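This report concerns only the one structure given below.
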Amino acid sequence: MTAPTRSAGAGRTGRSDRAPRPVPAATSDPPVRHRSAWTRIKRDRSLLIMTVPVIVLLGVFAYVPMLGNVIAWQDYSPYVGILDSPFVGWWNFERVFTNPLFWDAVRNTLVITAFQLVFFFPIPIVLALLLNSVITPAIRTTIQSVVYLPHFFSWVLVVTIFQQLLGGAGQLHRILEANGFAGFDIMTNPDTFLVLITAQSVWKDAGWGIIIFLAALSTVDPALYEASVMDGANRWRRIWHITLPALRPVIILLLILRLGDALTVGFEQLILQRGAVGAGVAEVLDTFVYYQGVINGDWSFAAAAGLVKGIVSLILVLGANKIAHVFGEAGVYKRA
Amino acid sequence: MSTALGSNRGTHPAIDEAAAGTARPDSRRRPRRSKHRPAWEDRPTALGTGAKVIVLALIVLAVVYPLYTVIITSLSTTAAVTEAGGLITVPTELTTAAYRQILAGGIVTRATMVSVGVTAVGTLLSTTVSILCAYGLSKPTSFGHRPILFVLLITMFFGAGMIPTYLLVSNLGLIDTYWSLILPGAVSAFNVLLLRNFFMGIDPGITDAARIDGAGEWRVLGQIVLPMSKAVTAVVALFYGVGYWNAFFNAMLYINDNAKWPLQLVLRSYVLQGVTLPGSGVGQVDVATGAVTGLPVKMAVMVLAIIPVLVVYPFVQRHFTKGVIFGAIKG
């Protein structure tokens, strides 16, 4: 059963250019095979030169730091330098795994991810269905333009807007107090922090999230709807049997991306508010790394924690893809 | 297409009638059928339409109202704000005093210039190198195509982490330089792939014709491919530009000297955290006369941080579906 579903999954991936490449020297382009590497380099030199700036930038700012993770096995001190700092084996990792604050950060991270998976993730889908049912193009594009907009605001701006409207000195607080209700300050209340950051995420990004669903919906053949109406399907049955199945690959793709990113939760958003609500609820893995490393100066310890996070994330992405392939979906990348 | 379907409605009386669920005389009085609604689709109930309108209106309001009140407050006098007790909903006295105050020199003016400069240089650099790399990778038969693509893809799945990156920037002597705000995040593999997907979708017949006429790859890119890719280039430039303009954490990491702070960091310290900024001349007023006095000024700083986004957004927005979706669905 697995074999046909896999091939179906492979066939559905978009990156069509990669399909023939596992056998590059096969029948498609025989002359290439006989040319030496040198003649090919000479032939493609312009194209190669064009990639140089990006390779240099990534080499220096993405790959060199990967090697820099070696300090996770050192007792690194900025005054001694990376070359002369003594190696200490797995000591830093032992410290990370036995540190209760690290596990608090892990727990907070996972709680936030789970909460947002339930209360954020479905919202763009519902919004897309709602917007898709608006048939007048002018109204539809206007609403689209409006709801996409907050995605392009900075987190500083979003958090400040929430603070000014809902915070302790904010508008809502004032209106409530003026009308004899007890005001509340959602910005500093650890108990409602999950709700707060999810509301902020929804305000900022839920609108933008619909763009990919709308694109998927626009590819649905209207004849399907027409035929289903002939067969007596009502509005809700059409959504259930035509619209949602059309969205399925996109939903699964985004779910995978989200699961792969399970350990990354709105770093900028959280570090802006960690001071106001306290580390108890707002300390996630990224902020933990920042405070342990940059603020406390325990560089090797922080690097070890960051490395653990990076590797677990990588495993999560690859694992989620694997699962997607098993279910016959395209996933983020294709099977080689 | 919708008009074609719309004009068909007269020929499907059965469906129309079944949908309306009413007799003929009634159907003559019913509201005009939208020309955008396909013939097969039944008209929504009044309740459904009403609920939809209300929900959509609330959604739009949730986005627009905060912006409105922030902008109105920034344009209000201190007296008006004091009277209202905070953010203003109904404008009374309008003035540009707050803007004149923050743009008269001082830390906000400087921060704005830093942000504008970093965004301009960064966007130009990022977009240029991304276009070059994307085009360089757009021919699957070219030498080294696959390994270079791999180098790019790995950065999407595995990040080096904050600490080693910080130490690298520090060791390169980039702390307290504007390059620290540009170079570490200059390349987004996602944007390169977005461009690459678009370039690969261009009909090879067109570019091959140019090559046969003697054009080199640089000319093909500059004179044929780029003019055909304005939409996707605009979207990628917007992504980069917004990224540079909105970034604050890299400045928090790499810039210690607050004379070099970008606007977002000033916004965070002065508006969000309520810290009085030394030498701004604005914060002192705050302390002397109470928190609310500085509110128009604070809101003006916020508006300053939104303006570039609001100005550029309408021009690029119409390309989103074309540019972004092309990349996303294909990629």
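For the structure tokens, the naming scheme is as follows: chains receive sequential letters (A, B, ...) according to their order of presentation, residues are indexed from 1 within each chain, and ligands are indexed from 1 in presentation order.
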Backbone DSSP call of alpha helix (DSSP H) for segment 63-258 of chain B, listed as a ChimeraX atom specification: /B:63-74,78-84,97-102,107-136,145-157,162-171,179-182,189-201,204-212,217-219,226-228,230-246,249-254
Neighbours of chain A in chain B at 6 Å, counting only C-alpha atoms, as a PyMOL selection string: chain B and resi 36+40+129+132-133+136+143+160-161+163-165+184+246+268+272+330-331
Excluding same-chain residues fewer than 5 positions from Thr69 of chain B, what lies within 8 Å of it counting only C-alpha atoms, as an mmCIF file with N, CA and C atoms, in the first residue's frame?
data_model
loop_
_atom_site.group_PDB
_atom_site.id
_atom_site.type_symbol
_atom_site.label_atom_id
_atom_site.label_comp_id
_atom_site.auth_asym_id
_atom_site.auth_seq_id
_atom_site.Cartn_x
_atom_site.Cartn_y
_atom_site.Cartn_z
ATOM 1 N N LEU B 87 -5.742 57.544 25.190
ATOM 2 C CA LEU B 87 -5.916 57.501 23.732
ATOM 3 C C LEU B 87 -7.231 58.151 23.314
ATOM 4 N N ILE B 88 -7.167 58.844 22.199
ATOM 5 C CA ILE B 88 -8.313 59.621 21.737
ATOM 6 C C ILE B 88 -9.112 58.833 20.701
ATOM 7 N N THR B 89 -10.421 58.833 20.844
ATOM 8 C CA THR B 89 -11.262 58.172 19.846
ATOM 9 C C THR B 89 -11.919 59.199 18.930
#
Nearest candidate to Tyr254 of chain B (options B:Leu67, B:Leu195, B:Ala209, B:Leu172; using only C-alpha atoms): B:Leu172
Straight-line distance linking atom CA of Arg238 of chain A with atom CA of Asp205 of chain A, stated in Å to one decimal: 27.6 Å
Atom pair atom CA of Val281 of chain A / atom CA of Val195 of chain A: separation (Å):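 Result for atom CA of Val281 of chain A versus atom CA of Val195 of chain A: 11.8 Å, one decimal.
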Residues near Gln101 of chain B, cut-off 10 Å, only C-alpha atoms, skip fewer than 2 positions along chain, as number ranges by chain: B: 96-99, 103-106, 108-109, 280-282, 297, 300
Point-to-point distance in Å for atom CA of Leu263 of chain B and atom CA of Leu304 of chain B: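 Straight-line distance from atom CA of Leu304 of chain B to atom CA of Leu263 of chain B works out to 8.5 Å.
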